[in-house]
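Colleague: One file is attached below, protein-v9.txt, containing compact mmCIF, C-alpha atoms.
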# COMPACT_ATOMS: atom_id res chain seq x y z
CA MET A 28 43.50 21.50 31.25
CA PRO A 29 41.99 17.98 31.52
CA LYS A 30 42.37 17.57 27.77
CA LEU A 31 46.04 18.51 27.86
CA TRP A 32 46.57 16.10 30.74
CA ASN A 33 44.88 13.29 28.77
CA GLU A 34 46.99 14.06 25.74
CA THR A 35 50.14 13.89 27.81
CA ILE A 36 49.12 10.51 29.20
CA GLU A 37 48.26 9.29 25.69
CA ALA A 38 51.62 10.42 24.32
CA HIS A 39 53.42 8.77 27.22
CA ARG A 40 51.55 5.49 26.73
CA ARG A 41 52.40 5.54 23.03
CA GLU A 42 56.07 6.13 23.80
CA VAL A 43 56.21 3.26 26.27
CA ARG A 44 54.37 0.99 23.83
CA ASP A 45 56.80 1.89 21.02
CA ALA A 46 59.77 1.25 23.32
CA ILE A 47 58.35 -2.18 24.19
CA LEU A 48 57.84 -3.09 20.52
CA ASP A 49 61.31 -1.86 19.51
CA SER A 50 63.01 -3.71 22.36
CA THR A 51 61.17 -6.94 21.61
CA ALA A 52 61.91 -6.80 17.89
CA ALA A 53 65.60 -6.19 18.62
CA LEU A 54 65.77 -9.10 21.09
CA ALA A 55 63.85 -11.42 18.74
CA ALA A 56 66.07 -10.56 15.80
CA GLU A 57 69.17 -11.20 17.90
CA ASN A 58 68.29 -14.42 19.74
CA GLY A 59 65.23 -15.79 17.94
CA PRO A 60 61.62 -15.07 18.93
CA LEU A 61 61.22 -18.20 21.06
CA SER A 62 64.01 -17.30 23.46
CA VAL A 63 62.76 -13.81 24.35
CA THR A 64 61.30 -13.42 27.87
CA MET A 65 59.09 -10.73 29.39
CA SER A 66 61.88 -9.91 31.90
CA GLN A 67 64.42 -9.25 29.12
CA ILE A 68 61.93 -7.02 27.35
CA ALA A 69 61.18 -4.98 30.49
CA GLU A 70 64.88 -4.53 31.15
CA GLN A 71 65.70 -3.54 27.55
CA ALA A 72 62.74 -1.10 27.45
CA GLY A 73 63.73 0.39 30.80
CA ILE A 74 60.43 -0.32 32.56
CA GLY A 75 59.30 -2.64 35.36
CA ARG A 76 57.84 -6.07 34.68
CA ALA A 77 54.55 -5.05 36.30
CA THR A 78 54.27 -2.10 33.91
CA LEU A 79 55.05 -4.33 30.93
CA TYR A 80 52.19 -6.68 31.86
CA LYS A 81 49.81 -3.70 31.93
CA TYR A 82 50.56 -3.27 28.21
CA PHE A 83 50.82 -6.87 26.93
CA PRO A 84 49.99 -10.33 28.28
CA ASP A 85 52.92 -12.16 26.61
CA VAL A 86 55.79 -12.06 24.08
CA GLU A 87 53.62 -13.36 21.26
CA ALA A 88 51.17 -10.46 21.67
CA ILE A 89 54.07 -7.99 21.55
CA LEU A 90 55.57 -9.52 18.41
CA ASN A 91 52.19 -9.45 16.69
CA ALA A 92 51.68 -5.80 17.68
CA TRP A 93 55.16 -4.99 16.38
CA HIS A 94 54.40 -6.69 13.07
CA ALA A 95 51.07 -4.86 12.75
CA ARG A 96 52.91 -1.57 13.34
CA GLU A 97 55.49 -2.47 10.64
CA ILE A 98 52.77 -3.30 8.11
CA ALA A 99 50.82 -0.13 8.91
CA GLY A 100 54.04 1.84 8.45
CA HIS A 101 54.59 0.30 5.00
CA LEU A 102 51.04 1.14 3.91
CA ALA A 103 51.42 4.72 5.20
CA ARG A 104 54.69 5.07 3.27
CA LEU A 105 52.97 3.90 0.07
CA ALA A 106 50.04 6.28 0.56
CA GLU A 107 52.45 9.14 1.21
CA VAL A 108 54.38 8.40 -2.01
CA ARG A 109 51.11 8.21 -3.93
CA ASP A 110 49.82 11.50 -2.55
CA ARG A 111 52.94 13.52 -3.25
CA THR A 112 53.40 12.29 -6.86
CA GLU A 113 51.74 14.14 -9.76
CA GLY A 114 50.27 12.33 -12.77
CA ALA A 115 48.59 8.91 -12.98
CA SER A 116 51.49 7.12 -14.66
CA ALA A 117 54.21 8.62 -12.43
CA ARG A 118 52.10 7.83 -9.38
CA LEU A 119 51.71 4.18 -10.38
CA GLU A 120 55.44 3.89 -11.05
CA ALA A 121 56.42 5.57 -7.76
CA VAL A 122 54.12 3.38 -5.67
CA LEU A 123 55.21 0.12 -7.37
CA GLU A 124 58.88 1.04 -6.97
CA THR A 125 58.38 1.84 -3.28
CA TYR A 126 56.51 -1.43 -2.78
CA ALA A 127 59.29 -3.37 -4.51
CA LEU A 128 61.93 -1.67 -2.34
CA ILE A 129 59.96 -2.44 0.85
CA THR A 130 59.68 -6.07 -0.27
CA HIS A 131 63.42 -6.12 -0.96
CA GLU A 132 64.31 -4.54 2.42
CA SER A 133 62.06 -6.70 4.56
CA HIS A 134 63.38 -9.83 2.84
CA GLY A 135 65.86 -10.18 5.70
CA HIS A 136 63.36 -11.20 8.35
CA HIS A 137 61.24 -13.38 6.05
CA ASP A 138 63.94 -16.01 6.04
CA THR A 139 64.52 -16.05 9.79
CA ASP A 140 62.76 -17.66 12.74
CA LEU A 141 61.18 -14.28 13.40
CA GLY A 142 59.67 -14.23 9.90
CA ALA A 143 58.32 -17.77 10.26
CA PHE A 144 56.91 -16.94 13.69
CA LEU A 145 55.15 -13.80 12.49
CA HIS A 146 53.66 -15.39 9.42
CA ARG A 147 52.28 -18.25 11.45
CA ASP A 148 50.23 -16.04 13.75
CA SER A 149 49.46 -12.85 11.92
CA GLY A 150 47.68 -14.22 8.87
CA ASN A 151 44.67 -12.07 9.59
CA HIS A 152 46.11 -8.58 9.63
CA LEU A 153 48.47 -9.54 6.81
CA ALA A 154 45.48 -10.54 4.67
CA HIS A 155 43.78 -7.26 5.52
CA ALA A 156 46.87 -5.22 4.62
CA HIS A 157 47.23 -7.14 1.38
CA GLN A 158 43.64 -6.31 0.48
CA HIS A 159 44.32 -2.65 1.20
CA LEU A 160 47.44 -2.73 -0.99
CA HIS A 161 45.58 -4.54 -3.77
CA HIS A 162 42.88 -1.88 -3.70
CA MET A 163 45.42 0.96 -3.83
CA VAL A 164 47.33 -0.51 -6.79
CA GLN A 165 44.15 -1.37 -8.67
CA GLU A 166 42.97 2.24 -8.35
CA LEU A 167 46.32 3.52 -9.65
CA LEU A 168 46.19 1.10 -12.59
CA THR A 169 42.62 2.15 -13.43
CA ASP A 170 43.60 5.85 -13.35
CA ALA A 171 46.65 5.20 -15.52
CA ALA A 172 44.51 3.21 -17.97
CA GLN A 173 42.13 6.17 -18.24
CA ALA A 174 45.13 8.36 -18.98
CA GLY A 175 46.12 5.92 -21.75
CA ASP A 176 49.33 4.77 -20.04
CA VAL A 177 48.09 1.31 -19.07
CA ARG A 178 46.36 -1.31 -21.26
CA ASP A 179 42.58 -1.36 -20.95
CA ASP A 180 42.06 -4.75 -22.63
CA MET A 181 42.37 -6.77 -19.41
CA PRO A 182 40.50 -6.61 -16.07
CA PRO A 183 42.28 -4.22 -13.63
CA ALA A 184 42.10 -6.87 -10.88
CA GLU A 185 44.19 -9.22 -13.07
CA LEU A 186 46.72 -6.48 -13.84
CA THR A 187 46.98 -5.89 -10.09
CA HIS A 188 47.58 -9.58 -9.31
CA TYR A 189 50.23 -9.69 -12.00
CA CYS A 190 52.04 -6.58 -10.67
CA LEU A 191 52.02 -7.62 -7.02
CA ASN A 192 53.22 -11.14 -7.80
CA ALA A 193 55.92 -10.02 -10.23
CA LEU A 194 57.29 -7.56 -7.66
CA MET A 195 57.64 -10.36 -5.11
CA ALA A 196 60.77 -11.26 -7.09
CA ALA A 197 62.35 -8.27 -5.27
CA ARG A 198 62.74 -10.52 -2.22
CA THR A 199 65.58 -12.46 -3.80
CA LEU A 200 67.22 -9.78 -5.94
CA PRO A 201 70.76 -8.78 -4.95
CA SER A 202 70.59 -4.96 -5.27
CA LYS A 203 68.37 -1.89 -5.49
CA ALA A 204 69.43 -1.47 -9.12
CA ALA A 205 68.06 -4.96 -9.84
CA VAL A 206 64.84 -4.05 -8.01
CA ARG A 207 64.43 -0.98 -10.27
CA ARG A 208 64.97 -3.15 -13.36
CA LEU A 209 62.25 -5.48 -12.03
CA VAL A 210 59.86 -2.52 -11.73
CA THR A 211 60.65 -1.61 -15.35
CA LEU A 212 59.89 -5.16 -16.53
CA THR A 213 56.66 -5.27 -14.54
CA LEU A 214 55.44 -1.91 -15.84
CA THR A 215 56.30 -2.90 -19.41
CA GLY A 216 53.82 -5.75 -19.04
CA VAL A 217 50.90 -3.41 -18.28
CA ARG A 218 51.62 -0.79 -20.96
CA PRO A 219 49.15 -0.58 -23.88
CA PRO A 220 50.13 -3.23 -26.48
CA ARG A 221 51.96 -2.14 -29.64
CA HIS A 222 49.97 -2.23 -32.81
CA MET B 8 65.67 -64.89 -18.83
CA PRO B 9 66.89 -63.45 -15.46
CA LYS B 10 66.73 -59.98 -16.95
CA LEU B 11 63.12 -60.39 -18.01
CA TRP B 12 62.27 -61.72 -14.59
CA ASN B 13 63.92 -58.71 -12.92
CA GLU B 14 62.05 -56.35 -15.19
CA THR B 15 58.77 -57.98 -14.31
CA ILE B 16 59.53 -57.63 -10.62
CA GLU B 17 60.57 -54.00 -11.15
CA ALA B 18 57.35 -53.23 -13.06
CA HIS B 19 55.28 -54.93 -10.37
CA ARG B 20 57.01 -53.00 -7.58
CA ARG B 21 56.42 -49.74 -9.44
CA GLU B 22 52.73 -50.55 -9.90
CA VAL B 23 52.27 -51.34 -6.21
CA ARG B 24 54.18 -48.20 -5.25
CA ASP B 25 52.02 -46.07 -7.55
CA ALA B 26 48.85 -47.64 -6.14
CA ILE B 27 50.03 -46.80 -2.61
CA LEU B 28 50.77 -43.19 -3.54
CA ASP B 29 47.46 -42.74 -5.36
CA SER B 30 45.45 -44.26 -2.51
CA THR B 31 47.20 -42.13 0.10
CA ALA B 32 46.74 -38.90 -1.86
CA ALA B 33 43.04 -39.68 -2.32
CA LEU B 34 42.55 -40.43 1.39
CA ALA B 35 44.53 -37.34 2.44
CA ALA B 36 42.58 -35.08 0.11
CA GLU B 37 39.32 -36.47 1.44
CA ASN B 38 39.92 -36.55 5.20
CA GLY B 39 43.04 -34.45 5.76
CA PRO B 40 46.61 -35.82 5.87
CA LEU B 41 46.71 -36.19 9.66
CA SER B 42 43.78 -38.60 9.82
CA VAL B 43 45.11 -41.13 7.28
CA THR B 44 46.30 -44.45 8.74
CA MET B 45 48.51 -47.18 7.29
CA SER B 46 45.58 -49.65 7.57
CA GLN B 47 43.30 -47.43 5.48
CA ILE B 48 46.02 -47.06 2.86
CA ALA B 49 46.61 -50.81 2.66
CA GLU B 50 42.90 -51.45 2.30
CA GLN B 51 42.41 -48.75 -0.36
CA ALA B 52 45.46 -49.96 -2.32
CA GLY B 53 44.30 -53.60 -2.11
CA ILE B 54 47.44 -54.92 -0.38
CA GLY B 55 48.24 -56.30 3.05
CA ARG B 56 49.57 -54.12 5.85
CA ALA B 57 52.79 -56.14 5.97
CA THR B 58 53.37 -55.50 2.28
CA LEU B 59 52.71 -51.79 2.74
CA TYR B 60 55.39 -51.60 5.45
CA LYS B 61 57.89 -53.20 3.06
CA TYR B 62 57.45 -50.12 0.86
CA PHE B 63 57.11 -47.26 3.36
CA PRO B 64 57.68 -46.80 7.11
CA ASP B 65 54.81 -44.34 7.69
CA VAL B 66 52.14 -42.05 6.16
CA GLU B 67 54.44 -39.06 6.11
CA ALA B 68 56.99 -40.89 3.97
CA ILE B 69 54.22 -41.87 1.53
CA LEU B 70 52.89 -38.32 1.24
CA ASN B 71 56.39 -37.00 0.62
CA ALA B 72 56.98 -39.66 -2.05
CA TRP B 73 53.65 -38.75 -3.65
CA HIS B 74 54.58 -35.07 -3.70
CA ALA B 75 58.00 -35.83 -5.19
CA ARG B 76 56.28 -37.85 -7.93
CA GLU B 77 53.88 -34.93 -8.63
CA ILE B 78 56.73 -32.44 -8.92
CA ALA B 79 58.76 -34.78 -11.14
CA GLY B 80 55.66 -35.18 -13.32
CA HIS B 81 55.30 -31.40 -13.68
CA LEU B 82 58.96 -31.02 -14.68
CA ALA B 83 58.64 -33.85 -17.19
CA ARG B 84 55.53 -32.21 -18.69
CA LEU B 85 57.42 -28.91 -19.08
CA ALA B 86 60.42 -30.62 -20.69
CA GLU B 87 58.09 -32.47 -23.05
CA VAL B 88 56.36 -29.22 -24.12
CA ARG B 89 59.76 -27.58 -24.63
CA ASP B 90 61.08 -30.45 -26.74
CA ARG B 91 58.11 -30.68 -29.07
CA THR B 92 57.85 -26.90 -29.77
CA GLU B 93 59.81 -25.33 -32.66
CA GLY B 94 61.44 -21.88 -32.42
CA ALA B 95 62.97 -20.13 -29.40
CA SER B 96 60.12 -17.67 -28.86
CA ALA B 97 57.31 -20.20 -29.28
CA ARG B 98 59.16 -22.60 -26.97
CA LEU B 99 59.46 -19.96 -24.24
CA GLU B 100 55.79 -19.09 -24.59
CA ALA B 101 54.62 -22.73 -24.54
CA VAL B 102 56.67 -23.60 -21.45
CA LEU B 103 55.57 -20.49 -19.51
CA GLU B 104 51.94 -21.13 -20.38
CA THR B 105 52.18 -24.76 -19.29
CA TYR B 106 53.87 -23.70 -16.05
CA ALA B 107 51.15 -21.12 -15.39
CA LEU B 108 48.43 -23.72 -16.02
CA ILE B 109 50.13 -26.23 -13.67
CA THR B 110 50.33 -23.50 -11.00
CA HIS B 111 46.67 -22.71 -11.57
CA GLU B 112 45.61 -26.38 -11.41
CA SER B 113 47.57 -27.28 -8.29
CA HIS B 114 46.26 -24.20 -6.51
CA GLY B 115 43.56 -26.40 -5.03
CA HIS B 116 45.78 -28.35 -2.66
CA HIS B 117 47.98 -25.39 -1.72
CA ASP B 118 45.21 -23.96 0.41
CA THR B 119 44.36 -27.17 2.19
CA ASP B 120 45.81 -29.07 5.13
CA LEU B 121 47.49 -31.34 2.62
CA GLY B 122 49.26 -28.39 1.00
CA ALA B 123 50.43 -27.05 4.36
CA PHE B 124 51.60 -30.52 5.38
CA LEU B 125 53.56 -31.08 2.19
CA HIS B 126 55.20 -27.69 2.19
CA ARG B 127 56.31 -28.15 5.77
CA ASP B 128 58.25 -31.30 5.09
CA SER B 129 59.33 -31.28 1.51
CA GLY B 130 61.29 -28.03 1.39
CA ASN B 131 64.32 -29.84 0.07
CA HIS B 132 63.02 -31.53 -3.06
CA LEU B 133 60.84 -28.47 -3.78
CA ALA B 134 63.92 -26.23 -3.71
CA HIS B 135 65.70 -28.67 -6.02
CA ALA B 136 62.78 -28.73 -8.46
CA HIS B 137 62.56 -24.94 -8.39
CA GLN B 138 66.25 -24.72 -9.27
CA HIS B 139 65.68 -27.11 -12.16
CA LEU B 140 62.72 -25.00 -13.39
CA HIS B 141 64.70 -21.78 -13.00
CA HIS B 142 67.51 -23.27 -15.08
CA MET B 143 65.09 -24.41 -17.81
CA VAL B 144 63.35 -21.03 -18.10
CA GLN B 145 66.62 -19.10 -18.01
CA GLU B 146 67.92 -21.18 -20.91
CA LEU B 147 64.74 -20.52 -22.92
CA LEU B 148 64.97 -16.78 -22.21
CA THR B 149 68.64 -16.73 -23.27
CA ASP B 150 67.84 -18.54 -26.53
CA ALA B 151 64.92 -16.19 -27.24
CA ALA B 152 67.15 -13.17 -26.51
CA GLN B 153 69.67 -14.47 -29.04
CA ALA B 154 66.82 -14.77 -31.56
CA GLY B 155 65.93 -11.11 -30.84
CA ASP B 156 62.56 -11.90 -29.23
CA VAL B 157 63.57 -11.12 -25.63
CA ARG B 158 65.35 -8.04 -24.29
CA ASP B 159 69.09 -8.45 -23.79
CA ASP B 160 69.59 -5.36 -21.61
CA MET B 161 68.96 -7.19 -18.33
CA PRO B 162 70.59 -10.26 -16.73
CA PRO B 163 68.73 -13.47 -17.79
CA ALA B 164 68.59 -14.59 -14.12
CA GLU B 165 66.58 -11.46 -13.28
CA LEU B 166 64.21 -12.00 -16.23
CA THR B 167 63.71 -15.56 -14.97
CA HIS B 168 62.90 -14.43 -11.40
CA TYR B 169 60.45 -11.91 -12.81
CA CYS B 170 58.68 -14.50 -15.01
CA LEU B 171 58.38 -17.18 -12.33
CA ASN B 172 57.10 -14.73 -9.72
CA ALA B 173 54.64 -13.04 -12.08
CA LEU B 174 53.20 -16.43 -13.09
CA MET B 175 52.53 -17.29 -9.43
CA ALA B 176 49.53 -14.98 -9.84
CA ALA B 177 47.95 -17.94 -11.69
CA ARG B 178 47.25 -19.52 -8.28
CA THR B 179 44.46 -17.05 -7.56
CA LEU B 180 43.09 -16.43 -11.05
CA PRO B 181 39.54 -17.63 -11.70
CA SER B 182 39.89 -19.19 -15.18
CA LYS B 183 42.25 -20.60 -17.81
CA ALA B 184 41.46 -17.57 -19.99
CA ALA B 185 42.72 -15.32 -17.20
CA VAL B 186 45.84 -17.50 -16.89
CA ARG B 187 46.54 -17.03 -20.61
CA ARG B 188 46.15 -13.25 -20.24
CA LEU B 189 48.66 -13.40 -17.37
CA VAL B 190 51.14 -15.20 -19.64
CA THR B 191 50.66 -12.44 -22.24
CA LEU B 192 51.36 -9.71 -19.64
CA THR B 193 54.41 -11.55 -18.36
CA LEU B 194 55.86 -12.09 -21.83
CA THR B 195 55.24 -8.46 -22.74
CA GLY B 196 57.56 -7.50 -19.89
CA VAL B 197 60.51 -9.42 -21.34
CA ARG B 198 60.11 -8.31 -24.97
CA PRO B 199 62.80 -5.98 -26.38
CA PRO B 200 61.91 -2.36 -25.39
CA ARG B 201 60.37 -0.02 -27.97
CA HIS B 202 62.65 2.74 -29.22
Would you put the structure from the file into structure tokens?
Modeller:
Amino acid sequence: MPKLWNETIEAHRREVRDAILDSTAALAAENGPLSVTMSQIAEQAGIGRATLYKYFPDVEAILNAWHAREIAGHLARLAEVRDRTEGASARLEAVLETYALITHESHGHHDTDLGAFLHRDSGNHLAHAHQHLHHMVQELLTDAAQAGDVRDDMPPAELTHYCLNALMAARTLPSKAAVRRLVTLTLTGVRPPRH
Amino acid sequence: MPKLWNETIEAHRREVRDAILDSTAALAAENGPLSVTMSQIAEQAGIGRATLYKYFPDVEAILNAWHAREIAGHLARLAEVRDRTEGASARLEAVLETYALITHESHGHHDTDLGAFLHRDSGNHLAHAHQHLHHMVQELLTDAAQAGDVRDDMPPAELTHYCLNALMAARTLPSKAAVRRLVTLTLTGVRPPRH
């Protein structure tokens, strides 16, 4: 009984927290992050101001929490794609394509005030997420090299840097078809050289 | 006679201007851009404060002029490499390698206060230079595609985006040898596909 009660409270807290993050992101996207107030957020989330302050001290903290949740969601999506794909080469391809599509989709808010705001303050968890991503891709490249589908004449860390930088071009590409062509180009670079 | 006189004045002005830019860049790199004063710059450049103010209104204007001169120098170096190299494929390779090495070399000041300062204020001439670079590389890729050394199954603009993004990895690579391997990877991506 106490456990169930705790779980219910936990689930409720998580729901309220998610509602706060969603409301704030929507308001920030609409009017710019600097114009959002705690009162607007409480109203949009359907909670009282006093309750809101029990969760977060200010708008900046909410935006950073929202961004951290976005990034964690992207990493989870990549891990899920990796885990459900069979074969080292197919796995590498699926993860790189998903990463390129995420980069393409989130391009929108990189060019806005919201993007600038987030990147100013969330350098730390971004760096951590990037490290995580780098590690994941390097492991996939190493596996694919062992399977003979990726060149083994260059350090895997360099191949990883190359892939992740090349795929950043997805930010400015006009379509998903162009993003897929970019993934093809990038993968061609890491294939074993012709003899 | 008047023409010679004007040329002498022009050459003198350019020398003073260059001395101001060099002195300011050195001071900014040493102590951070925000701590540099007009008096220090005048002293380091060996001119009077009054003279300095005839050239530039403030430190920010000098740093921006210095950065513009750097960027123009990089573009000139790339054009020079392009013009002295024979053959479409070799030309593409030489220009991309030079670009990657420039990116690698200027990595130093991207991570400093000076880098942050410059990138905050000089968005406009950076964007213009990037457009110029994009145009140059796209032309080289188109020529190499016509020569059969680059794939012609993808839009040249997309190949250009891919190359310039991939080569940004040179910023974090540890050595020139690693930069050259990066250029190899990048070029492999744009080669005609195997059948």
Colleague: Using only C-alpha atoms, which residues of chain B come within 12 Å of chain A, and what is the closest atom pair for each, with the distance in Å to one decimal? Give it as JSON lines, sorted by chain and residue number.
Modeller:
{"residue": "B:Ala107", "atom": "CA", "partner": "A:Tyr189", "partner_atom": "CA", "distance": 12.0}
{"residue": "B:Ala123", "atom": "CA", "partner": "A:Arg147", "partner_atom": "CA", "distance": 11.5}
{"residue": "B:Arg127", "atom": "CA", "partner": "A:Ala143", "partner_atom": "CA", "distance": 11.5}
{"residue": "B:Val157", "atom": "CA", "partner": "A:Leu212", "partner_atom": "CA", "distance": 11.5}
{"residue": "B:Arg158", "atom": "CA", "partner": "A:Leu212", "partner_atom": "CA", "distance": 9.9}
{"residue": "B:Asp160", "atom": "CA", "partner": "A:Arg208", "partner_atom": "CA", "distance": 9.7}
{"residue": "B:Met161", "atom": "CA", "partner": "A:Arg208", "partner_atom": "CA", "distance": 7.5}
{"residue": "B:Pro162", "atom": "CA", "partner": "A:Ala205", "partner_atom": "CA", "distance": 9.1}
{"residue": "B:Pro163", "atom": "CA", "partner": "A:Ala205", "partner_atom": "CA", "distance": 11.7}
{"residue": "B:Ala164", "atom": "CA", "partner": "A:Leu200", "partner_atom": "CA", "distance": 9.6}
{"residue": "B:Glu165", "atom": "CA", "partner": "A:Leu209", "partner_atom": "CA", "distance": 7.5}
{"residue": "B:Leu166", "atom": "CA", "partner": "A:Leu209", "partner_atom": "CA", "distance": 8.0}
{"residue": "B:Thr167", "atom": "CA", "partner": "A:Ala196", "partner_atom": "CA", "distance": 9.4}
{"residue": "B:His168", "atom": "CA", "partner": "A:Ala196", "partner_atom": "CA", "distance": 5.8}
{"residue": "B:Tyr169", "atom": "CA", "partner": "A:Ala193", "partner_atom": "CA", "distance": 5.5}
{"residue": "B:Cys170", "atom": "CA", "partner": "A:Ala193", "partner_atom": "CA", "distance": 7.1}
{"residue": "B:Leu171", "atom": "CA", "partner": "A:Ala193", "partner_atom": "CA", "distance": 7.9}
{"residue": "B:Asn172", "atom": "CA", "partner": "A:Ala193", "partner_atom": "CA", "distance": 4.9}
{"residue": "B:Ala173", "atom": "CA", "partner": "A:Ala193", "partner_atom": "CA", "distance": 3.8}
{"residue": "B:Leu174", "atom": "CA", "partner": "A:Tyr189", "partner_atom": "CA", "distance": 7.4}
{"residue": "B:Met175", "atom": "CA", "partner": "A:Asn192", "partner_atom": "CA", "distance": 6.4}
{"residue": "B:Ala176", "atom": "CA", "partner": "A:Asn192", "partner_atom": "CA", "distance": 5.7}
{"residue": "B:Ala177", "atom": "CA", "partner": "A:Tyr189", "partner_atom": "CA", "distance": 8.6}
{"residue": "B:Arg178", "atom": "CA", "partner": "A:His188", "partner_atom": "CA", "distance": 10.0}
{"residue": "B:Thr179", "atom": "CA", "partner": "A:His188", "partner_atom": "CA", "distance": 8.3}
{"residue": "B:Leu180", "atom": "CA", "partner": "A:Glu185", "partner_atom": "CA", "distance": 7.6}
{"residue": "B:Pro181", "atom": "CA", "partner": "A:Glu185", "partner_atom": "CA", "distance": 9.7}
{"residue": "B:Ser182", "atom": "CA", "partner": "A:Glu185", "partner_atom": "CA", "distance": 11.1}
{"residue": "B:Ala184", "atom": "CA", "partner": "A:Met181", "partner_atom": "CA", "distance": 10.9}
{"residue": "B:Ala185", "atom": "CA", "partner": "A:Glu185", "partner_atom": "CA", "distance": 7.5}
{"residue": "B:Val186", "atom": "CA", "partner": "A:Glu185", "partner_atom": "CA", "distance": 9.3}
{"residue": "B:Arg187", "atom": "CA", "partner": "A:Glu185", "partner_atom": "CA", "distance": 11.1}
{"residue": "B:Arg188", "atom": "CA", "partner": "A:Met181", "partner_atom": "CA", "distance": 7.5}
{"residue": "B:Leu189", "atom": "CA", "partner": "A:Tyr189", "partner_atom": "CA", "distance": 6.7}
{"residue": "B:Val190", "atom": "CA", "partner": "A:Tyr189", "partner_atom": "CA", "distance": 9.5}
{"residue": "B:Thr191", "atom": "CA", "partner": "A:Gly216", "partner_atom": "CA", "distance": 8.1}
{"residue": "B:Leu192", "atom": "CA", "partner": "A:Gly216", "partner_atom": "CA", "distance": 4.7}
{"residue": "B:Thr193", "atom": "CA", "partner": "A:Gly216", "partner_atom": "CA", "distance": 5.9}
{"residue": "B:Leu194", "atom": "CA", "partner": "A:Gly216", "partner_atom": "CA", "distance": 7.2}
{"residue": "B:Thr195", "atom": "CA", "partner": "A:Gly216", "partner_atom": "CA", "distance": 4.8}
{"residue": "B:Gly196", "atom": "CA", "partner": "A:Gly216", "partner_atom": "CA", "distance": 4.2}
{"residue": "B:Val197", "atom": "CA", "partner": "A:Leu212", "partner_atom": "CA", "distance": 6.5}
{"residue": "B:Arg198", "atom": "CA", "partner": "A:Thr215", "partner_atom": "CA", "distance": 8.6}
{"residue": "B:Pro199", "atom": "CA", "partner": "A:Thr215", "partner_atom": "CA", "distance": 10.0}
{"residue": "B:Pro200", "atom": "CA", "partner": "A:Thr215", "partner_atom": "CA", "distance": 8.2}
{"residue": "B:Arg201", "atom": "CA", "partner": "A:Arg221", "partner_atom": "CA", "distance": 8.8}
{"residue": "B:His202", "atom": "CA", "partner": "A:Arg221", "partner_atom": "CA", "distance": 11.8}
Colleague: To one decimal place in Å, what is the distance between CA of Ile98 in chain A and CA of Asp110 in chain A?
Modeller: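 Atom-to-atom, CA of Ile98 in chain A and CA of Asp110 in chain A are spaced 18.5 Å apart.
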Colleague: With all atoms listed in the file as the atoms that count, which of B:Asn71, B:Glu112, B:Gln145, B:Thr92 lies nearest to Asn131 in chain B?
Modeller: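 Nearest to Asn131 in chain B: B:Asn71.
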Colleague: Record the distance separating CA of Leu147 in chain B and CA of Ala95 in chain B, expressed in Å with one decimal.
Modeller: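 These two atoms are separated by 6.7 Å.
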Colleague: One decimal, Å: what's the distance from CA of Leu82 in chain B over to CA of Ala68 in chain B, could you say?
Modeller: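 Those two atoms sit 21.2 Å apart.
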Colleague: Using only C-alpha atoms, which of B:Ser113, B:Asn13, B:Thr149, B:Thr105 sits nearest Val88 in chain B?
Modeller: B:Thr105
Colleague: I'd like to know which of A:Ile47, A:Ile36, A:Ala174, A:Ala117 is closest to Gly75 in chain A, using all atoms listed in the file.
Modeller: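 So, comparing all the options, the nearest one is A:Ile47.
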